[in-house]
Each structure stands twice: as C-alpha cells, then as structure tokens.
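S.K.: Here it is, the structure in full.
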Amino acid sequence: MSSYILKITGKRLDIFILMLVKLQLSFKKIRQTKDYLIIEVLEEDYSKILKIKTTYEINIIKRKGLCNIVNFFKTRKTFIFIAFLGFAFFNLLTNIVFSIKIIETDTELREIILDDLKEFGLKKYGFKISYEDKEKMERKILKKEKNIIEWIEIEERGVSYEVKLIKRVKDNIRKETEPRNIVAKKNGLITRIEAESGEVITKKNAYVNKGDVLISGLIRNNDNIVSKTRAIGKVYAEIWYKVSLSLPVNYHEEKKTGETKQVLEISFLNSDYSLTDFDSYKHYKDYKKILYKNPLLPISLNLTKKEEVELIDIDFSKNYKKNIKPLAIEKLKNKLGNDIKIISEKVLKKNENADRIDIDIFFKVEEDITSYSSLENFDIELENEKIEEESSG
C-alpha cells in the first residue's frame, strides 16, 4: 500500500482538517504547530487533495510503499540507464577475444593452428565460444591435423585464449621398415584377424596366450626361412573381465556445464528481478556483486554471475540398464580404452542394503590384442641350421 506524508503550510489549519473530513478523505495527523500541519494520506486520497482549490501550500516530505519505489526509479532513471549501458558495454568487452597464444616454437605449425581456429569460429577480436563449442573445436582440429599433432587443448584466460598442443613425431624410416612379428598382448579367444602382410599362424576361435605369435614376419619356402618382413595387421580376441561397483541407493549431483553469464538484477526484499537475462538457465548457481544499495529501502542493483548446473538424481536400485550398466561400461573403457566391443554382460552378484548397492558384473569383450616383437636381430642362417639339425636328428 502506498501513502504520502504531507506538510501543509498556511493560516487556520483547522479549516483544512475540517475540509478533509467533509470530503471523507482518510488521513492520519502526525504533528500540528501554529505554522504547519503534517499528515499521512493514502495515494488515492493525495490525488483528490491536489484537485482541491486552496491557498494552502502542500509539500511531500516522504513517500511510503510502492510510490516510493516508483519515485526512486523516476528520479534516478539517468543513473539506471547509464548503469545499464555500462554493464552492456562491460559484458560486450568481456566476451571479445583480444589475443590467441599458441604455445609452440614451430612458426609454420602455429600459423596452421591459427587458421584452423579461425575456420572453426575462434579468432582475434571475435566473440568467445562456449565450453561445449571449445570441446568440439579441439576434436575437429585434432581430426583435421592428425598427421601433425597428437593432442591439443584450448584454454580460456580472461579475454584471451591459450592453445597448448603436442606435435606428432614421425617414426624414422628404419623403424617404419623394421621386420617384426605380431604377437598377443593378452590371453584370449581369437575373434577376428586382419592381416596386410606376414604369415597368419593362428585362426579364429583359437585360444592364445600372451606372447604367442599371431602373424609371423618370417617368410618360408618349404621348411626354410628365406627372409624377414614387417608383419602388418590387427588381431582381435574375446576376453573376460569382472567389473565391481559400489553405489549409493540414491545419488544426487549438481554438475557444472561450463556455461556462465553476467546478469544485471534488481533485488527487492527477498526477490531478484533480472534486467538483462532473456534466456534464463533452468538450474544455476549465482554470485552477486552489489553495484548500488539504497540506505533506506530493501532494494539494490546487482551484477550477478550465473553458472549453469545440471541436476542429476539417480535411483540405482531401479533400472539396471539405464543407471548401472553405463557406469560399469565406462569403468571398463577407462581401463581398456574406447576401442572395444561389448559382446555380452551378466550380473554375478548384487548386494543391496539401506544406503548402498554392491554389484559385480561379468563382461565378454572383443578387444584388440595386437602387440609386436622385433625380428631385427633374428639370425635366419642360424635358425635354418637348427631346423636342419632337428629334421636330421
């Protein structure tokens, strides 16, 4: 409710009071002296008083309620407008990229990466990119320049970006042509053999042990070894793993998405009213910086940093395929890498109590078991002599 505290100045103030009573205008007398009268009236009654033709001087000495807030903004609209423009300009400046630094001594490589960044949307004096776009950009550049870099990271530093990378070091010619065998790096049941060169000496569905030769780099004519070559190919095998998980029955997490923004807000009592946030985050954490606070009223102008969060609520006691299986597969891939194929899985043991679930899951996985053993120091003549001695003996 809005009201005004008025100071009425003039002669015979009692007549003014009688006039208010006659017009049935409600008021509260606060103070009266010989020279002036101080009363409090509602906003609608104040409008009626102004319409009365009188010789009394009427001045507002204080406003209460909504009319005070409206008057506050009317009298300070220039400041608010300037503050809004200042915030908009500040927000614009903080979202412009002023420099991009490539941490690499190779000048040619730096120019290539700068061109790639520009091609995918990040350039000097352009706008910043989101965390998600940054991740996508790293993957695109790594895929495009896979022959010259092994790793890249784009890091935002205020109004600048710093790009770190690892240059790919090509193997020398000798290493690329060195004769070798392809051997098993793990025990397993062979599922696939992809041979480009060398002699395949195992077969599908054969069980092999770690270190067994799968594709030989030795070229034979009848029983004799005639030359060495570089075995090229991949061999896949079925391998068994057990994954153990210990999970809470109910899980809650607030996960940051990496998206942030600066918002200009007005706070009144316990409520916040945004002036610049036209596309609000569904869930977020905010950090307020007060730009202006009224000393008399519970109102302030704030610059608020909002960080978007994703709420994750999971009941692990329900829906094994949706909630538990993906975690088990993720744990397995963290150990083995992403280049695996899940053939099947089976829950071996599951214990559930009031607050935790303990579960063991058995996985059959198709995995690349390719490893190598060098034939550089392999002596063909000596090996052939041994073969002849064994055959003659």
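In the structure tokens, each chain is lettered A, B, ... as it comes, each chain's residues begin at 1, and ligands are numbered from 1 in order of appearance.
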With DSSP run on the backbone, what are the alpha helix (DSSP H) residues within segment 198-383 of chain A? I'd like them as an MDAnalysis selection string.
M.R.: chainID A and resid 325:336 380:383
S.K.: With N, CA, C and O atoms retained, write the just-selected residues as a PDB file, in the first residue's frame.
M.R.:
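Below you can see again.pdb, which holds the result:
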ATOM      1  N   LYS A 325      24.476 -50.237 -15.729  1.00  0.00           N
ATOM      2  CA  LYS A 325      25.256 -50.781 -16.843  1.00  0.00           C
ATOM      3  C   LYS A 325      26.163 -49.731 -17.497  1.00  0.00           C
ATOM      4  O   LYS A 325      27.346 -50.006 -17.734  1.00  0.00           O
ATOM      5  N   PRO A 326      25.670 -48.492 -17.790  1.00  0.00           N
ATOM      6  CA  PRO A 326      26.560 -47.494 -18.398  1.00  0.00           C
ATOM      7  C   PRO A 326      27.773 -47.159 -17.526  1.00  0.00           C
ATOM      8  O   PRO A 326      28.867 -46.913 -18.050  1.00  0.00           O
ATOM      9  N   LEU A 327      27.594 -47.149 -16.193  1.00  0.00           N
ATOM     10  CA  LEU A 327      28.727 -46.856 -15.304  1.00  0.00           C
ATOM     11  C   LEU A 327      29.770 -47.970 -15.359  1.00  0.00           C
ATOM     12  O   LEU A 327      30.970 -47.713 -15.324  1.00  0.00           O
ATOM     13  N   ALA A 328      29.281 -49.216 -15.412  1.00  0.00           N
ATOM     14  CA  ALA A 328      30.198 -50.355 -15.489  1.00  0.00           C
ATOM     15  C   ALA A 328      30.986 -50.326 -16.798  1.00  0.00           C
ATOM     16  O   ALA A 328      32.193 -50.570 -16.818  1.00  0.00           O
ATOM     17  N   ILE A 329      30.291 -50.003 -17.907  1.00  0.00           N
ATOM     18  CA  ILE A 329      30.962 -49.929 -19.213  1.00  0.00           C
ATOM     19  C   ILE A 329      31.975 -48.784 -19.233  1.00  0.00           C
ATOM     20  O   ILE A 329      33.078 -48.920 -19.758  1.00  0.00           O
ATOM     21  N   GLU A 330      31.598 -47.645 -18.625  1.00  0.00           N
ATOM     22  CA  GLU A 330      32.523 -46.507 -18.548  1.00  0.00           C
ATOM     23  C   GLU A 330      33.780 -46.871 -17.766  1.00  0.00           C
ATOM     24  O   GLU A 330      34.898 -46.523 -18.157  1.00  0.00           O
ATOM     25  N   LYS A 331      33.610 -47.592 -16.654  1.00  0.00           N
ATOM     26  CA  LYS A 331      34.763 -48.017 -15.850  1.00  0.00           C
ATOM     27  C   LYS A 331      35.647 -48.958 -16.657  1.00  0.00           C
ATOM     28  O   LYS A 331      36.882 -48.882 -16.593  1.00  0.00           O
ATOM     29  N   LEU A 332      35.021 -49.836 -17.436  1.00  0.00           N
ATOM     30  CA  LEU A 332      35.771 -50.777 -18.265  1.00  0.00           C
ATOM     31  C   LEU A 332      36.544 -50.041 -19.356  1.00  0.00           C
ATOM     32  O   LEU A 332      37.725 -50.326 -19.605  1.00  0.00           O
ATOM     33  N   LYS A 333      35.912 -49.046 -19.982  1.00  0.00           N
ATOM     34  CA  LYS A 333      36.575 -48.307 -21.055  1.00  0.00           C
ATOM     35  C   LYS A 333      37.681 -47.412 -20.515  1.00  0.00           C
ATOM     36  O   LYS A 333      38.661 -47.150 -21.217  1.00  0.00           O
ATOM     37  N   ASN A 334      37.523 -46.925 -19.276  1.00  0.00           N
ATOM     38  CA  ASN A 334      38.611 -46.156 -18.668  1.00  0.00           C
ATOM     39  C   ASN A 334      39.859 -47.002 -18.497  1.00  0.00           C
ATOM     40  O   ASN A 334      40.984 -46.506 -18.544  1.00  0.00           O
ATOM     41  N   LYS A 335      39.649 -48.283 -18.298  1.00  0.00           N
ATOM     42  CA  LYS A 335      40.777 -49.208 -18.125  1.00  0.00           C
ATOM     43  C   LYS A 335      41.344 -49.676 -19.463  1.00  0.00           C
ATOM     44  O   LYS A 335      42.570 -49.758 -19.632  1.00  0.00           O
ATOM     45  N   LEU A 336      40.460 -49.952 -20.438  1.00  0.00           N
ATOM     46  CA  LEU A 336      40.889 -50.587 -21.685  1.00  0.00           C
ATOM     47  C   LEU A 336      40.955 -49.633 -22.871  1.00  0.00           C
ATOM     48  O   LEU A 336      41.589 -49.942 -23.875  1.00  0.00           O
ATOM     49  N   ILE A 380      68.662 -65.557 -39.595  1.00  0.00           N
ATOM     50  CA  ILE A 380      67.976 -66.539 -40.441  1.00  0.00           C
ATOM     51  C   ILE A 380      68.838 -67.791 -40.627  1.00  0.00           C
ATOM     52  O   ILE A 380      68.355 -68.938 -40.526  1.00  0.00           O
ATOM     53  N   GLU A 381      70.144 -67.619 -40.915  1.00  0.00           N
ATOM     54  CA  GLU A 381      71.026 -68.771 -41.164  1.00  0.00           C
ATOM     55  C   GLU A 381      71.107 -69.672 -39.948  1.00  0.00           C
ATOM     56  O   GLU A 381      71.048 -70.902 -40.067  1.00  0.00           O
ATOM     57  N   LEU A 382      71.276 -69.072 -38.764  1.00  0.00           N
ATOM     58  CA  LEU A 382      71.376 -69.868 -37.545  1.00  0.00           C
ATOM     59  C   LEU A 382      70.087 -70.637 -37.299  1.00  0.00           C
ATOM     60  O   LEU A 382      70.117 -71.814 -36.896  1.00  0.00           O
ATOM     61  N   GLU A 383      68.943 -70.008 -37.552  1.00  0.00           N
ATOM     62  CA  GLU A 383      67.652 -70.668 -37.331  1.00  0.00           C
ATOM     63  C   GLU A 383      67.465 -71.812 -38.317  1.00  0.00           C
ATOM     64  O   GLU A 383      66.962 -72.881 -37.959  1.00  0.00           O
TER      65      GLU A 383
END
S.K.: I need the residues of segment 156-285 of chain A that end up classed as strand (DSSP E or B) by DSSP on the backbone, written out as a PyMOL selection string.
M.R.: chain A and resi 156-157+160-167+180-184+188-197+199-200+207-208+213-216+218-221+224-228+230+232-248+250-268+271-274+284-285
S.K.: Smallest atom-to-atom distance to Ser197 of chain A: which of A:Ile166, A:Leu218, A:Ala231, A:Glu138, using only C-alpha atoms?
M.R.: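 Looking at the shortest contact to Ser197 of chain A, the residue is A:Ala231.
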S.K.: Need the shell around segment 144-149 of chain A: protein/DNA/RNA residues with any atom at most 12 Å away, counting only C-alpha atoms. Skip same-chain ones fewer than 5 positions apart. Format as number ranges by chain?
M.R.: A: 104, 106, 108-110, 112-113, 115-117, 119-120, 137-139, 164-171
S.K.: Could you tell me how far atom CA of Phe72 of chain A sits from atom CA of Lys28 of chain A, in Å to one decimal place?
M.R.: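 Computed distance, atom CA of Lys28 of chain A to atom CA of Phe72 of chain A, equals 24.0 Å.
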S.K.: For Lys228 of chain A, please output as a ChimeraX atom specification all residues within 9 Å (counting only C-alpha atoms; exclusion window: fewer than 3 positions along the same chain).
M.R.: /A:179-180,198,217-219,225,375-376,378,380
S.K.: Neighbours of segment 304-321 of chain A within 10 Å (only C-alpha atoms; same-chain residues fewer than 6 positions away dropped), as JSON, numbers by chain?
M.R.: {"A": [247, 248, 249, 250, 251, 252, 253, 254, 255, 256, 257, 258, 259, 260, 261, 262, 263, 264, 265, 266, 274, 280, 281, 282, 283, 284, 285, 286, 287, 288, 289, 290, 291, 327, 347, 352, 353, 355, 356, 357]}
S.K.: Quick one: which segment 266-333 of chain A residues come within 10 Å of segment 74-95 of chain A, and what is the nearest atom pair for each with the distance in Å to one decimal, counting only C-alpha atoms, rows ordered by chain and ascending number, as CSV?
M.R.:
residue,atom,partner,partner_atom,distance
A:Leu275,CA,A:Phe84,CA,8.6
A:Thr276,CA,A:Ala88,CA,8.7
A:Leu291,CA,A:Ala83,CA,9.0
A:Tyr292,CA,A:Ala83,CA,9.9
A:Leu301,CA,A:Ile80,CA,9.0
A:Leu303,CA,A:Phe87,CA,8.2
S.K.: May I ask for the distance between atom CA of Thr9 of chain A and atom CA of Ile69 of chain A, given in Å to one decimal place?
M.R.: 26.3 Å
S.K.: With distances taken over only C-alpha atoms, which of A:Leu42, A:Val365, A:Ile60, A:Val243 is nearest to Ile343 of chain A?
M.R.: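 The answer is A:Val365, which sits nearest to Ile343 of chain A.
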S.K.: Residues at most 9 Å from Asp223 of chain A, counting only C-alpha atoms, excluding those fewer than 3 positions away in the same chain, as a list of chain:residue names?
M.R.: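 The filter keeps A:Arg220, A:Asn384, A:Ile387, A:Glu388.
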S.K.: Could you tell me how far atom CA of Asp279 of chain A sits from atom CA of Asn302 of chain A, in Å to one decimal place?
M.R.: 18.0 Å
S.K.: Would you pick out the contacts of Glu367 of chain A at 12 Å or less, using only C-alpha atoms, so that residues sharing its chain but fewer than 2 positions from it are not included, and give the list as a PyMOL selection string?
M.R.: chain A and resi 184-193+234-241+332-333+336-343+363-365+369-370
S.K.: Using only C-alpha atoms, which of A:Glu345, A:Asp379, A:Asp133, A:Glu366 sits nearest Ser227 of chain A?
M.R.: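 Of A:Glu345, A:Asp379, A:Asp133, A:Glu366, the one nearest Ser227 of chain A is A:Asp379, counting only C-alpha atoms.
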S.K.: I need the residue nearest Glu40 of chain A from this list: A:Leu245, A:Leu25, A:Ile103, A:Ile201. Use only C-alpha atoms for the distance.
M.R.: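 The closest residue to Glu40 of chain A is A:Leu25.
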